[in-house]
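As stored in run.csv (CSV, C-alpha atoms):
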chain,number,residue,atom,x,y,z
A,1,MET,CA,0.0,0.0,0.0
A,2,MET,CA,2.7,2.4,1.1
A,3,ARG,CA,4.7,1.8,-2.1
A,4,ARG,CA,1.7,2.4,-4.3
A,5,ALA,CA,0.8,5.8,-2.8
A,6,PRO,CA,3.3,7.9,-4.7
A,7,VAL,CA,2.1,6.6,-8.0
A,8,GLY,CA,-1.4,7.5,-7.1
A,9,TYR,CA,-0.3,11.0,-6.1
A,10,GLY,CA,1.7,11.4,-9.3
A,11,LEU,CA,-1.3,10.4,-11.4
A,12,LEU,CA,-3.4,12.9,-9.5
A,13,ALA,CA,-0.8,15.6,-10.0
A,14,ALA,CA,-0.7,14.8,-13.7
A,15,LEU,CA,-4.5,15.0,-14.0
A,16,ALA,CA,-4.4,18.3,-12.1
A,17,LEU,CA,-1.9,19.6,-14.6
A,18,LEU,CA,-4.0,18.5,-17.5
A,19,ALA,CA,-6.9,20.5,-16.0
A,20,ALA,CA,-4.8,23.6,-15.5
A,21,PRO,CA,-5.6,25.1,-19.0
A,22,LEU,CA,-9.3,24.8,-18.2
A,23,ALA,CA,-8.9,27.1,-15.2
A,24,HIS,CA,-7.5,29.8,-17.4
A,25,ALA,CA,-10.1,29.4,-20.2
A,26,ILE,CA,-11.6,32.7,-21.3
A,27,ALA,CA,-15.3,33.2,-20.8
A,28,PRO,CA,-16.7,33.1,-24.3
A,29,THR,CA,-18.3,36.3,-25.7
A,30,ARG,CA,-21.5,36.0,-27.6
A,31,MET,CA,-22.0,38.4,-30.5
A,32,PRO,CA,-25.6,39.0,-31.8
A,33,THR,CA,-25.0,37.4,-35.2
A,34,PRO,CA,-22.9,34.5,-36.5
A,35,GLU,CA,-21.1,36.9,-38.9
A,36,LEU,CA,-20.1,39.2,-36.1
A,37,GLN,CA,-19.1,36.2,-33.9
A,38,ALA,CA,-16.8,34.9,-36.7
A,39,ARG,CA,-15.2,38.3,-37.2
A,40,TYR,CA,-14.8,38.7,-33.4
A,41,GLU,CA,-13.1,35.3,-33.1
A,42,ARG,CA,-10.8,36.1,-36.0
A,43,LEU,CA,-9.8,39.5,-34.7
A,44,ILE,CA,-9.0,38.4,-31.2
A,45,HIS,CA,-6.8,35.7,-32.5
A,46,ASN,CA,-4.9,38.2,-34.7
A,47,PHE,CA,-3.9,40.6,-31.9
A,48,ARG,CA,-1.1,40.1,-29.4
A,49,CYS,CA,-1.7,40.5,-25.7
A,50,MET,CA,0.7,43.4,-24.9
A,51,GLN,CA,1.3,42.0,-21.4
A,52,CYS,CA,2.0,38.4,-22.1
A,53,GLN,CA,3.3,39.2,-25.6
A,54,ASP,CA,3.4,35.6,-26.9
A,55,GLU,CA,-0.3,35.0,-26.4
A,56,SER,CA,-3.2,36.3,-28.5
A,57,LEU,CA,-6.0,38.3,-27.0
A,58,ALA,CA,-8.1,35.2,-27.4
A,59,ASN,CA,-6.0,33.1,-25.1
A,60,SER,CA,-4.7,35.6,-22.6
A,61,PRO,CA,-6.2,35.6,-19.1
A,62,VAL,CA,-4.9,39.1,-18.1
A,63,SER,CA,-7.4,41.9,-17.6
A,64,LEU,CA,-5.8,44.2,-20.2
A,65,ALA,CA,-6.6,41.5,-22.8
A,66,ALA,CA,-10.2,41.4,-21.5
A,67,ASP,CA,-10.4,45.2,-21.9
A,68,MET,CA,-9.1,44.9,-25.5
A,69,ARG,CA,-11.6,42.2,-26.3
A,70,ARG,CA,-14.3,44.5,-24.9
A,71,GLN,CA,-13.0,47.3,-27.1
A,72,ILE,CA,-13.1,45.1,-30.2
A,73,ARG,CA,-16.7,43.9,-29.3
A,74,GLN,CA,-17.8,47.5,-28.9
A,75,MET,CA,-16.3,48.6,-32.2
A,76,LEU,CA,-17.9,45.6,-34.0
A,77,LEU,CA,-21.3,46.4,-32.5
A,78,ALA,CA,-20.8,50.1,-33.6
A,79,GLY,CA,-20.3,48.9,-37.2
A,80,ASP,CA,-16.6,49.4,-37.6
A,81,SER,CA,-14.8,47.3,-40.2
A,82,ASP,CA,-12.0,44.9,-39.5
A,83,ALA,CA,-9.6,47.4,-41.1
A,84,GLN,CA,-10.8,50.2,-38.8
A,85,ILE,CA,-10.3,48.0,-35.7
A,86,ARG,CA,-6.8,47.0,-36.9
A,87,HIS,CA,-6.0,50.6,-37.5
A,88,PHE,CA,-7.3,51.6,-34.0
A,89,PHE,CA,-4.9,49.2,-32.3
A,90,VAL,CA,-1.9,49.7,-34.6
A,91,SER,CA,-2.1,53.5,-34.2
A,92,ARG,CA,-2.0,53.1,-30.5
A,93,TYR,CA,0.3,50.1,-29.9
A,94,GLY,CA,2.3,49.9,-33.1
A,95,TYR,CA,2.7,46.9,-35.6
A,96,PHE,CA,3.9,44.9,-32.6
A,97,ILE,CA,0.3,44.2,-31.6
A,98,LEU,CA,-0.3,42.3,-34.9
A,99,PHE,CA,0.9,38.7,-35.0
A,100,LYS,CA,1.2,38.9,-38.7
A,101,PRO,CA,3.1,42.1,-39.5
A,102,PRO,CA,2.1,43.9,-42.7
A,103,PHE,CA,4.4,44.2,-45.7
A,104,VAL,CA,5.7,47.8,-45.4
A,105,LEU,CA,9.2,49.2,-46.1
A,106,LYS,CA,10.2,48.7,-42.5
A,107,THR,CA,9.2,45.0,-42.5
A,108,ALA,CA,10.3,44.2,-46.1
A,109,TRP,CA,13.4,42.4,-45.0
A,110,LEU,CA,11.4,40.3,-42.6
A,111,TRP,CA,9.2,39.0,-45.5
A,112,LEU,CA,11.9,38.8,-48.1
A,113,ALA,CA,14.8,37.3,-46.1
A,114,PRO,CA,13.4,33.7,-46.1
A,115,GLY,CA,13.0,33.7,-49.9
A,116,VAL,CA,16.5,35.3,-50.4
A,117,LEU,CA,18.1,32.8,-48.1
A,118,LEU,CA,16.2,29.9,-49.8
A,119,VAL,CA,17.4,31.0,-53.3
A,120,THR,CA,21.0,31.6,-52.0
A,121,GLY,CA,21.0,28.1,-50.4
A,122,ALA,CA,19.6,26.4,-53.5
A,123,VAL,CA,22.1,28.2,-55.8
A,124,SER,CA,25.1,27.3,-53.6
A,125,ALA,CA,23.8,23.7,-53.2
A,126,ALA,CA,23.5,23.3,-57.0
A,127,TRP,CA,26.9,24.8,-57.5
A,128,VAL,CA,28.5,22.4,-54.9
A,129,ILE,CA,26.7,19.4,-56.3
A,130,ARG,CA,27.8,20.2,-59.9
A,131,ARG,CA,31.4,20.6,-58.8
A,132,ARG,CA,31.3,17.3,-56.9
A,133,ALA,CA,29.8,15.5,-59.9
A,134,ALA,CA,32.6,16.9,-62.1
A,135,LEU,CA,35.2,15.7,-59.6
A,136,VAL,CA,33.7,12.1,-59.6
A,137,THR,CA,33.9,11.9,-63.4
A,138,ASN,CA,37.5,13.3,-63.4
A,139,ASP,CA,38.4,10.6,-60.8
A,140,ASP,CA,38.3,7.9,-63.5
A,141,ASN,CA,41.0,9.5,-65.6
A,142,ASP,CA,43.5,12.0,-64.4
A,143,GLU,CA,43.1,12.3,-60.7
A,144,GLY,CA,42.5,8.5,-60.4
A,145,GLU,CA,45.7,7.8,-62.2
A,146,ALA,CA,47.6,10.2,-60.1
A,147,LEU,CA,46.5,8.2,-57.1
A,148,ASP,CA,47.5,4.9,-58.7
A,149,GLU,CA,51.0,6.1,-59.1
A,150,GLY,CA,51.5,6.6,-55.4
A,151,LEU,CA,49.4,3.6,-54.1
A,152,GLU,CA,50.0,0.0,-54.7
A,153,ARG,CA,46.7,-1.8,-55.0
A,154,PRO,CA,46.4,-5.5,-54.9
A,155,GLY,CA,44.2,-5.5,-58.0
A,156,LYS,CA,46.7,-3.6,-60.1
A,157,GLN,CA,49.6,-5.9,-59.5
A,158,ARG,CA,49.5,-8.1,-62.5
B,159,MET,CA,43.6,25.4,-48.5
B,160,ILE,CA,41.9,28.8,-48.2
B,161,ARG,CA,38.5,27.3,-49.1
B,162,TYR,CA,38.4,25.5,-45.8
B,163,PHE,CA,38.4,28.8,-44.0
B,164,ILE,CA,35.4,30.1,-46.0
B,165,PRO,CA,32.9,28.4,-43.7
B,166,LEU,CA,34.8,29.6,-40.7
B,167,ALA,CA,34.8,33.1,-42.0
B,168,LEU,CA,31.0,32.9,-42.7
B,169,PHE,CA,30.5,31.6,-39.2
B,170,ALA,CA,32.4,34.5,-37.8
B,171,VAL,CA,30.3,36.9,-39.8
B,172,VAL,CA,27.1,35.3,-38.5
B,173,VAL,CA,28.4,35.5,-34.9
B,174,VAL,CA,29.2,39.2,-35.3
B,175,ILE,CA,25.7,39.8,-36.8
B,176,PHE,CA,24.0,37.9,-33.9
B,177,ALA,CA,26.1,39.5,-31.3
B,178,PHE,CA,25.2,42.9,-32.7
B,179,GLY,CA,21.6,41.9,-32.9
B,180,ILE,CA,21.4,40.7,-29.3
B,181,HIS,CA,23.2,43.8,-28.1
B,182,GLN,CA,21.0,46.2,-30.0
B,183,ALA,CA,17.7,44.4,-29.6
B,184,PRO,CA,15.1,46.6,-28.0
B,185,ARG,CA,13.9,45.3,-24.6
B,186,LYS,CA,10.8,43.3,-25.3
B,187,ASP,CA,8.9,44.8,-22.4
B,188,LEU,CA,9.5,48.4,-23.7
B,189,VAL,CA,7.4,48.7,-26.8
B,190,PRO,CA,7.9,52.1,-28.5
B,191,SER,CA,4.7,54.1,-28.7
B,192,PRO,CA,3.4,55.1,-32.1
B,193,LEU,CA,1.6,58.0,-30.4
B,194,ILE,CA,4.7,60.1,-30.0
B,195,GLY,CA,4.4,63.3,-32.1
B,196,LYS,CA,0.6,62.6,-32.4
B,197,PRO,CA,-2.2,64.4,-30.6
B,198,ALA,CA,-3.0,63.0,-27.2
B,199,PRO,CA,-6.3,61.1,-27.1
B,200,SER,CA,-9.2,63.3,-26.1
B,201,PHE,CA,-11.0,62.2,-23.0
B,202,ALA,CA,-13.6,63.3,-20.6
B,203,LEU,CA,-13.5,61.1,-17.5
B,204,PRO,CA,-14.9,61.4,-14.0
B,205,SER,CA,-12.6,62.8,-11.5
B,206,LEU,CA,-11.3,60.3,-8.9
B,207,ALA,CA,-11.9,62.8,-6.1
B,208,ASP,CA,-15.5,63.7,-7.2
B,209,ALA,CA,-17.5,61.5,-9.5
B,210,ASN,CA,-19.7,64.5,-10.5
B,211,THR,CA,-16.8,66.5,-11.9
B,212,GLN,CA,-14.9,65.6,-15.0
B,213,VAL,CA,-11.2,65.7,-16.0
B,214,THR,CA,-11.1,66.6,-19.7
B,215,SER,CA,-8.3,66.8,-22.3
B,216,ALA,CA,-9.8,70.1,-23.5
B,217,SER,CA,-9.2,71.7,-20.0
B,218,LEU,CA,-5.6,70.7,-20.2
B,219,ARG,CA,-4.9,72.5,-23.5
B,220,GLY,CA,-2.4,75.3,-23.4
B,221,HIS,CA,-0.2,73.8,-20.7
B,222,TRP,CA,2.6,71.3,-20.5
B,223,TYR,CA,1.6,68.3,-18.3
B,224,LEU,CA,2.7,64.8,-17.4
B,225,PHE,CA,0.0,62.2,-17.8
B,226,ASN,CA,0.8,59.4,-15.4
B,227,VAL,CA,-1.0,56.0,-15.5
B,228,TRP,CA,-1.1,54.3,-12.1
B,229,GLY,CA,-3.2,52.1,-9.8
B,230,THR,CA,-3.1,51.0,-6.2
B,231,TRP,CA,-2.7,47.4,-7.4
B,232,CYS,CA,0.5,48.3,-9.2
B,233,VAL,CA,3.6,47.5,-7.2
B,234,SER,CA,5.9,49.6,-9.4
B,235,CYS,CA,3.7,52.6,-8.9
B,236,HIS,CA,4.3,52.3,-5.1
B,237,ILE,CA,8.1,52.5,-6.0
B,238,GLU,CA,7.5,55.5,-8.2
B,239,GLU,CA,5.3,57.4,-5.8
B,240,PRO,CA,8.0,59.2,-3.7
B,241,GLU,CA,9.5,60.5,-7.0
B,242,LEU,CA,6.2,61.8,-8.2
B,243,ARG,CA,5.8,63.8,-5.0
B,244,ALA,CA,9.4,65.1,-5.5
B,245,ILE,CA,8.4,66.2,-9.1
B,246,ALA,CA,5.2,67.8,-7.8
B,247,ARG,CA,7.3,69.8,-5.3
B,248,THR,CA,9.6,71.2,-8.0
B,249,GLY,CA,6.5,72.9,-9.6
B,250,VAL,CA,8.1,72.4,-13.1
B,251,VAL,CA,5.1,70.6,-14.6
B,252,PRO,CA,1.7,69.6,-13.3
B,253,LEU,CA,1.0,65.9,-12.9
B,254,ILE,CA,-2.3,64.6,-14.2
B,255,GLY,CA,-3.1,61.1,-13.1
B,256,LEU,CA,-5.1,58.3,-14.7
B,257,ASP,CA,-6.2,55.9,-12.0
B,258,TRP,CA,-6.4,52.7,-14.1
B,259,LYS,CA,-8.6,49.7,-13.3
B,260,ASP,CA,-8.8,50.6,-9.6
B,261,SER,CA,-11.4,51.0,-6.9
B,262,ARG,CA,-12.2,54.6,-5.9
B,263,GLU,CA,-12.1,53.9,-2.2
B,264,GLU,CA,-8.8,52.1,-2.3
B,265,ALA,CA,-7.3,54.9,-4.5
B,266,LEU,CA,-8.5,57.7,-2.2
B,267,ALA,CA,-7.2,55.9,0.9
B,268,TYR,CA,-3.8,55.3,-0.8
B,269,LEU,CA,-3.5,59.0,-1.7
B,270,HIS,CA,-4.6,60.1,1.8
B,271,ALA,CA,-2.0,57.9,3.3
B,272,LYS,CA,0.9,58.8,1.0
B,273,GLY,CA,0.1,62.3,-0.2
B,274,ASN,CA,-1.3,63.3,-3.5
B,275,PRO,CA,1.2,64.5,-6.1
B,276,TYR,CA,-1.5,65.0,-8.8
B,277,GLN,CA,-3.2,68.2,-9.8
B,278,ALA,CA,-6.1,66.2,-11.2
B,279,ILE,CA,-6.8,62.5,-11.5
B,280,ALA,CA,-9.1,60.9,-14.1
B,281,PHE,CA,-10.8,57.7,-13.0
B,282,ASP,CA,-10.8,54.8,-15.5
B,283,PRO,CA,-12.0,51.7,-13.7
B,284,GLY,CA,-13.0,50.0,-17.0
B,285,GLY,CA,-9.6,50.5,-18.7
B,286,LEU,CA,-10.9,51.7,-22.1
B,287,ALA,CA,-9.4,55.2,-21.7
B,288,ALA,CA,-6.0,53.6,-21.1
B,289,ILE,CA,-6.3,51.6,-24.3
B,290,GLN,CA,-6.9,55.0,-26.1
B,291,TRP,CA,-3.4,56.0,-24.9
B,292,GLY,CA,-1.8,52.7,-25.9
B,293,VAL,CA,-1.2,51.8,-22.3
B,294,TYR,CA,-0.2,48.2,-21.6
B,295,GLY,CA,1.2,48.4,-18.1
B,296,ALA,CA,1.6,50.7,-15.2
B,297,PRO,CA,3.2,53.0,-14.5
B,298,GLU,CA,3.5,54.8,-17.8
B,299,THR,CA,4.1,58.5,-18.1
B,300,PHE,CA,3.5,60.8,-21.1
B,301,ILE,CA,4.7,64.3,-21.6
B,302,VAL,CA,2.1,66.4,-23.4
B,303,ASN,CA,2.8,69.9,-24.8
B,304,PRO,CA,0.5,72.9,-24.8
B,305,GLN,CA,-0.7,72.0,-28.3
B,306,GLY,CA,-1.9,68.6,-26.9
B,307,ILE,CA,0.8,66.7,-28.7
B,308,ILE,CA,2.5,63.7,-26.9
B,309,VAL,CA,6.2,64.4,-27.0
B,310,TYR,CA,7.5,61.5,-24.9
B,311,LYS,CA,6.5,58.3,-23.2
B,312,TYR,CA,8.3,56.7,-20.3
B,313,ILE,CA,7.6,53.1,-19.3
B,314,GLY,CA,8.1,52.0,-15.8
B,315,PRO,CA,8.7,53.9,-12.5
B,316,ILE,CA,10.3,57.3,-12.9
B,317,THR,CA,13.6,57.3,-11.2
B,318,PRO,CA,15.4,60.5,-10.1
B,319,HIS,CA,17.9,59.8,-12.9
B,320,ALA,CA,15.1,59.5,-15.5
B,321,TRP,CA,13.6,62.7,-14.2
B,322,VAL,CA,16.8,64.6,-14.7
B,323,HIS,CA,18.0,63.0,-18.0
B,324,GLU,CA,14.7,62.1,-19.8
B,325,PHE,CA,12.0,64.5,-18.5
B,326,LEU,CA,13.7,67.8,-17.7
B,327,PRO,CA,15.5,68.3,-21.0
B,328,ARG,CA,12.1,67.8,-22.8
B,329,LEU,CA,10.3,70.4,-20.7
B,330,PRO,CA,10.7,74.2,-21.4
B,331,ALA,CA,10.6,75.0,-17.6
B,332,GLY,CA,13.2,72.2,-17.0
B,333,ARG,CA,15.5,73.5,-19.8
B,334,ALA,CA,15.3,77.0,-18.1
B,335,VAL,CA,16.2,75.4,-14.8
B,336,ALA,CA,19.1,73.5,-16.3
B,337,GLY,CA,20.3,76.6,-18.2
B,338,SER,CA,20.3,79.0,-15.2

Final C-alpha cells representation of the file:
Amino acid sequence: MMRRAPVGYGLLAALALLAAPLAHAIAPTRMPTPELQARYERLIHNFRCMQCQDESLANSPVSLAADMRRQIRQMLLAGDSDAQIRHFFVSRYGYFILFKPPFVLKTAWLWLAPGVLLVTGAVSAAWVIRRRAALVTNDDNDEGEALDEGLERPGKQR
Amino acid sequence: MIRYFIPLALFAVVVVIFAFGIHQAPRKDLVPSPLIGKPAPSFALPSLADANTQVTSASLRGHWYLFNVWGTWCVSCHIEEPELRAIARTGVVPLIGLDWKDSREEALAYLHAKGNPYQAIAFDPGGLAAIQWGVYGAPETFIVNPQGIIVYKYIGPITPHAWVHEFLPRLPAGRAVAGS
C-alpha cells in the first residue's frame, strides 16, 4: 500500500496539470449574429496581448486582454470594419500588436529574407553538387591515375 | 587550403551579426509608442476625487503636463510614488493622473496615506481610456505639450535619474532650470 501511494499522487498531479488550462479558459463572448461572432473570433486571434506578448487576445487571461476584447466587441457592434479596428490598435500600440506584420518598407526584410536565403541556399547547393559531380567523373582518368602512381593496390599488380 | 576557411569566416560573420543583434535588440517589455508626435487622445473622464466633476483633455490644453497612469494594485507605482511627489514639489510641470482599473475607495485611501502629487486624477475603472493611450502596463508616463501633442512616453517607475535626464530636457521649464 505504502509503495503504491506515490504513483497515485503522481497520477493525481498529472491529471491536475491537464486540467490547468481549463482554469485559465476565457469566458466566451456572444455576439448577436454568427457573422459578427466569426469576425470577433478572427480578430481576437490576430492581436497580441501586450502584457504576455506571446499569447493572443483570445488566449490571454490578463485583464488588459479582456479590456481589449471588450473594445473590439464595442467597435464591431458600432459597425466598424476589421480594417478600422486593426488601425485603431496599430495606431496606439504599433505593428507589434499584430501577430502577422504587414508588408511595409520597415518590415520588407522580414518578409523577403526567407526567400532570399532559400534561393541563395539552392544556388550554392546546386553549385557544390555540380562541382562534386565533375570531380567524380574526373576521378576515372587524371586524378585517379595520379593516385594509382602513389598507391599500390592488390588488383593492379599483375 | 583557403577554401576550408570560408565556412569559418562565414560563421564568424554570422556570430558578429547575432552579437550585434542581441546587443541592439530593444527590450521586449519596452514597446515604443506610435503616439509620440501625435495628438494625445481626447478624453472626458470622471474625477477620482469627485464623480460629479470631469477631467477633460480640453481643459488641459495650453499647458505642459505629465500624464501618469497608475493604480493602487500596481507595485511599481508604489516604488515611483515618492519621486512623483518630489516632481510635484519642483513645480516644473503639473501631474495629471489616470487611475487605471482601480477602486475609488482604495485609491483615495492610498492618496490620503501617502500624499497626493497630482493636480487632477481621471478615473478609468473600465480600462478603455488607457487603451486609447496605448497603455499596456503601469506606471507609464506621457509628456504632453500645450498643443496637446504627446512628445515623450516613459515606461516603468520614474527614477530621479530619469527625471533629470529624460524628462527635464524635454520640458521648457526644465530647460530653463538647467540653463540657469

For this session: Determine which residues of chain B sit within 12 Å of chain A, taking into account only C-alpha atoms, and present them as a VMD selection string.
Result: chain B and resid 186 to 199 258 to 260 282 to 296

Exercise. So, counting only C-alpha atoms, which residue among B:Phe300, B:Phe225, B:Phe163, B:Phe325 is closest to Gln277 in chain B?
Worked result: B:Phe225

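Separating CA of Ser124 in chain A from CA of Met159 in chain B is a distance of 19.3 Å.
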
For this session: Rank B:Ile254, B:Ala244, B:Leu269, B:Leu206 by their smallest atom-to-atom distance to Trp222 in chain B, using all atoms listed in the file, and report the top residue only.
Result: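 The closest residue to Trp222 in chain B is B:Ile254.
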
Exercise. Interatomic distance between CA of Gln212 in chain B and CA of Ile72 in chain A?
Worked result: 25.6 Å
